[in-house]
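A.B. asks: Supplied in structure tokens, the structure appears directly below.
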Amino acid sequence: MNIVYVAFRGHFSDSPRALYEALLERGVDATHTWLSAEHTAATFPAGIDTVTFGSPECIATLEAADLVISNDHIPLDWEKKPGATYVQTWHGTMLKRIHNDVLWAPEGRLAYLDQDIARWDLLLSPNAVTTERLRKSFGFTGPIHETGLPRNDLLSSPRREEVRAQVRADLGIGPEQTAVLYTPTWRDKLVFEKAGSQDFEFAIDLEDFSARLGEDHVLLLRLHNMVMDRLEVVDGSAVRDVCSHPDIRDLYLAADLMVTDYSSTMFDFAITGRPLIFYTYDLESYRDEQRGFYFDLEDVAPGPLVRDSRELVSAIADLDQIRSEYAESYARFQETFCHLEDGSVTERVLDLILPSASASGQSTSISEGDDVRADR
């Protein structure tokens, strides 16, 4: 069996990585190939077979696959071979509207992505409230399975403290330092229309951040994969550029709190139970003009919405108040969006797509005519 993995068009990360690692542990008899990008090839562990995303070899690899596992659209021209299965894990719970539900998109973009949606055989949903939003936004008529996201199993793993300590050490974060993980999402018009000098806005006053919080705090900057520009990090700055860190799940564990805006990272990070602060300096523009929301963030957020950098730094300096004030809303948020994240998602998904491959290590194969798409 040939299995091809794709994460964010060339990364070794996310749910495809979690499924790949579990398949290796199960001893499934298969050939494993990852699609990589030129700028990410060095982040893949030694011994993994990769082909460059978008290359002729990549197209041939996809067309020869028995099983394709992706966490995003594969916006390439390729034909799925008869009998092959394409598992779409997607990459998070949505606050912001996606695909057919967006307020604006470049002409032709959605129609082109629809060609990939037509190849999907089954789609994973992270929680009950997201399932119908996925179906409607993508116009997907196949089975959607409420499983949770395999990538998040590590956040509930017995290894989580070990991983946290190792990642913090690798990043040079001291035991007494507070690591603030900043995960802003991308702005559609900055990316597609190049409406500014860069395709992201860094709206934090670093001088104020350092002056008021001191060396006890470091800011881990993790931009969305759609954003290519980077902040120029100066030696001695409070900022650590972790955009090229292979997998954000490690950064969730390393962080003591998250600052985000409208990113789906909020739903993953909530599994940790650590504080969340929402830096929503362009809330009205983003919600009402650029993208649109599926629900009112102000009503649901498990942490404060702040509107300028000074207010943000003040919130970071008073986490005890945030924990106390938002304890009930945080618990409701977890119950709504994290109810399937129990550390066993990967096993559920593998039992779904490869039911004859037991955790004890039996091998399996998918042959033409096998039905791996039946809902449970």
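Every chain in the structure tokens takes a letter, A first, then B, and so on in the order presented; its residues are numbered from 1, and the ligands are numbered from 1 following the presented order.
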Name the residues in contact with Leu213 (chain A) at a cut-off of 10 Å, using only C-alpha atoms, excluding same-chain residues fewer than 6 positions from it; report them as a list in words.

C.D. replies: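 These residues fall inside the cut-off: Thr178, Glu207, Ala238, Val313, Ser314, Ile316 and Ala317 of chain A.
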
A.B. asks: Mind checking which residues fall within 8 Å of Arg222 (chain A), counting only C-alpha atoms, ignoring those fewer than 2 positions away in the same chain, and posting them as a list in words?

C.D. replies: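 So, after excluding close chain neighbours, the residues are Leu181, Tyr182, Thr183, Pro184, Leu220, His224, Asp241, Val242 and Cys243 of chain A.
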
A.B. asks: Can you spit out the residues from that selection as a PDB file, in the first residue's frame, using N, CA, C and O atoms?

C.D. replies:
```pdb
ATOM      1  N   LEU A 181       2.961  32.624  23.719  1.00  0.00           N
ATOM      2  CA  LEU A 181       2.875  32.160  22.329  1.00  0.00           C
ATOM      3  C   LEU A 181       1.882  33.041  21.578  1.00  0.00           C
ATOM      4  O   LEU A 181       0.699  33.080  21.910  1.00  0.00           O
ATOM      5  N   TYR A 182       2.385  33.764  20.567  1.00  0.00           N
ATOM      6  CA  TYR A 182       1.551  34.684  19.778  1.00  0.00           C
ATOM      7  C   TYR A 182       1.279  34.061  18.419  1.00  0.00           C
ATOM      8  O   TYR A 182       2.202  33.814  17.640  1.00  0.00           O
ATOM      9  N   THR A 183      -0.011  33.801  18.126  1.00  0.00           N
ATOM     10  CA  THR A 183      -0.401  33.079  16.909  1.00  0.00           C
ATOM     11  C   THR A 183      -1.450  33.861  16.114  1.00  0.00           C
ATOM     12  O   THR A 183      -2.600  33.428  16.000  1.00  0.00           O
ATOM     13  N   PRO A 184      -1.083  34.988  15.534  1.00  0.00           N
ATOM     14  CA  PRO A 184      -2.064  35.727  14.734  1.00  0.00           C
ATOM     15  C   PRO A 184      -2.398  34.986  13.451  1.00  0.00           C
ATOM     16  O   PRO A 184      -1.540  34.334  12.851  1.00  0.00           O
ATOM     17  N   LEU A 220       6.925  34.195  21.828  1.00  0.00           N
ATOM     18  CA  LEU A 220       7.141  33.218  20.760  1.00  0.00           C
ATOM     19  C   LEU A 220       6.222  33.574  19.598  1.00  0.00           C
ATOM     20  O   LEU A 220       5.001  33.454  19.703  1.00  0.00           O
ATOM     21  N   HIS A 224       0.906  32.306  10.673  1.00  0.00           N
ATOM     22  CA  HIS A 224       0.164  31.338   9.869  1.00  0.00           C
ATOM     23  C   HIS A 224       0.994  30.930   8.655  1.00  0.00           C
ATOM     24  O   HIS A 224       1.780  31.719   8.122  1.00  0.00           O
ATOM     25  N   ASP A 241      11.496  33.914  17.072  1.00  0.00           N
ATOM     26  CA  ASP A 241      10.794  33.521  15.846  1.00  0.00           C
ATOM     27  C   ASP A 241      10.711  32.000  15.794  1.00  0.00           C
ATOM     28  O   ASP A 241      11.711  31.320  15.570  1.00  0.00           O
ATOM     29  N   VAL A 242       9.505  31.465  16.020  1.00  0.00           N
ATOM     30  CA  VAL A 242       9.312  30.010  16.003  1.00  0.00           C
ATOM     31  C   VAL A 242       8.458  29.590  14.808  1.00  0.00           C
ATOM     32  O   VAL A 242       7.847  28.522  14.805  1.00  0.00           O
ATOM     33  N   CYS A 243       8.439  30.425  13.781  1.00  0.00           N
ATOM     34  CA  CYS A 243       7.630  30.120  12.593  1.00  0.00           C
ATOM     35  C   CYS A 243       8.108  28.852  11.892  1.00  0.00           C
ATOM     36  O   CYS A 243       7.315  28.149  11.269  1.00  0.00           O
TER      37      CYS A 243
END
```

A.B. asks: So which bits of region 83-157 of chain A end up strand (DSSP E or B) when you DSSP the backbone, as a list of chain:residue names?

C.D. replies: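 Filtering region 83-157 of chain A down to strand (DSSP E or B) leaves A:Thr85, A:Tyr86, A:Val87, A:Gln88, A:Lys96, A:Leu122, A:Leu123, A:Leu124, A:Ser125, A:Ile144, A:His145, A:Glu146.
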
A.B. asks: Take the selection from the previous step and output its residues with N, CA, C and O atoms, as a compact mmCIF listing (two decimals), in the first residue's frame.

C.D. replies:
```txt
# COMPACT_ATOMS: atom_id res chain seq x y z
N THR A 85 -8.18 6.10 -1.55
CA THR A 85 -8.94 6.81 -0.52
C THR A 85 -8.20 8.08 -0.13
O THR A 85 -6.99 8.06 0.11
N TYR A 86 -8.92 9.17 -0.06
CA TYR A 86 -8.37 10.47 0.31
C TYR A 86 -9.03 10.89 1.62
O TYR A 86 -10.22 11.18 1.66
N VAL A 87 -8.24 10.91 2.69
CA VAL A 87 -8.72 11.31 4.01
C VAL A 87 -8.34 12.76 4.25
O VAL A 87 -7.16 13.12 4.24
N GLN A 88 -9.35 13.59 4.48
CA GLN A 88 -9.11 15.00 4.76
C GLN A 88 -9.31 15.23 6.27
O GLN A 88 -10.42 15.15 6.78
N LYS A 96 -13.53 31.78 12.20
CA LYS A 96 -13.68 32.55 10.97
C LYS A 96 -14.30 31.67 9.88
O LYS A 96 -14.03 30.48 9.80
N LEU A 122 -13.50 11.02 2.89
CA LEU A 122 -14.06 11.27 4.22
C LEU A 122 -13.33 12.44 4.85
O LEU A 122 -12.19 12.74 4.53
N LEU A 123 -14.05 13.10 5.73
CA LEU A 123 -13.59 14.34 6.35
C LEU A 123 -13.73 14.19 7.86
O LEU A 123 -14.74 13.68 8.35
N LEU A 124 -12.69 14.62 8.60
CA LEU A 124 -12.75 14.56 10.06
C LEU A 124 -13.25 15.87 10.63
O LEU A 124 -12.92 16.95 10.12
N SER A 125 -14.03 15.78 11.69
CA SER A 125 -14.52 16.96 12.39
C SER A 125 -13.96 16.96 13.81
O SER A 125 -13.95 15.93 14.47
N ILE A 144 -18.73 12.60 7.22
CA ILE A 144 -17.92 13.41 8.13
C ILE A 144 -17.93 12.70 9.48
O ILE A 144 -18.99 12.39 10.03
N HIS A 145 -16.74 12.43 10.01
CA HIS A 145 -16.62 11.69 11.24
C HIS A 145 -16.17 12.61 12.37
O HIS A 145 -15.13 13.28 12.25
N GLU A 146 -16.94 12.65 13.45
CA GLU A 146 -16.57 13.45 14.62
C GLU A 146 -15.59 12.63 15.46
O GLU A 146 -15.99 11.77 16.25
```

A.B. asks: Report as a list in words all protein, DNA and RNA residues lying within 12 Å of Asp170 (chain A), evaluated on only C-alpha atoms, omitting residues in the same chain fewer than 5 positions from it.

C.D. replies: Val163, Arg164, Ala165, Arg240, Val242, His245, Asp250, Leu251 and Ala254 of chain A

A.B. asks: Report, in Å to a single decimal, how far apart CA of Ala203 (chain A) and CA of Gly292 (chain A) are.

C.D. replies: 21.0 Å

A.B. asks: Measuring atom to atom with only C-alpha atoms, identify which of A:Tyr326, A:Phe202, A:Trp104, A:Phe293 is nearest to Leu276 (chain A).

C.D. replies: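 The answer is A:Tyr326, which sits nearest to Leu276 (chain A).
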
A.B. asks: Using only C-alpha atoms, find the one residue out of A:Gly303, A:Gly92, A:Pro56, A:Pro246 that sits nearest to Met258 (chain A).

C.D. replies: A:Gly303

A.B. asks: Please return, as number ranges by chain, all residues of region 16-77 of chain A that DSSP assigns to alpha helix (DSSP H) on the basis of the backbone.

C.D. replies: A: 16-26, 56-64

A.B. asks: Export C-alpha atoms of the chosen residues as a CSV table (one decimal), in the first residue's frame?

C.D. replies:
```csv
chain,number,residue,atom,x,y,z
A,16,PRO,CA,-0.9,13.7,9.1
A,17,ARG,CA,2.2,13.5,11.2
A,18,ALA,CA,0.3,12.0,14.2
A,19,LEU,CA,-1.3,9.4,11.9
A,20,TYR,CA,2.1,8.6,10.2
A,21,GLU,CA,3.8,8.0,13.5
A,22,ALA,CA,1.0,5.8,14.8
A,23,LEU,CA,1.1,3.8,11.6
A,24,LEU,CA,4.8,3.2,12.0
A,25,GLU,CA,4.1,2.0,15.6
A,26,ARG,CA,1.4,-0.4,14.3
A,56,PRO,CA,6.0,16.4,-11.6
A,57,GLU,CA,7.2,13.7,-9.2
A,58,CYS,CA,4.7,14.9,-6.7
A,59,ILE,CA,1.8,14.6,-9.2
A,60,ALA,CA,2.9,11.1,-10.0
A,61,THR,CA,3.2,10.1,-6.4
A,62,LEU,CA,-0.3,11.4,-5.6
A,63,GLU,CA,-1.7,9.5,-8.6
A,64,ALA,CA,-0.1,6.3,-7.5
```

A.B. asks: Which one of A:Arg151, A:Gly54, A:Leu95, A:Leu134 sits closest to Val300 (chain A) if you count only C-alpha atoms?

C.D. replies: A:Leu95

A.B. asks: Quick one: everything within 7 Å of Val180 (chain A), counting only C-alpha atoms, minus sequence neighbours fewer than 3 positions away in the same chain. Send it as a list in words.

C.D. replies: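 Close residues of Val180 (chain A): Val218, Leu219, Leu220, Ala255, Asp256, Leu257, Met258 and Val259 of chain A.
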
A.B. asks: Go ahead and compute the interatomic distance for CA of Asp72 (chain A) and CA of Thr40 (chain A), in Å to one decimal.

C.D. replies: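 Distance between the two atoms: 16.6 Å.
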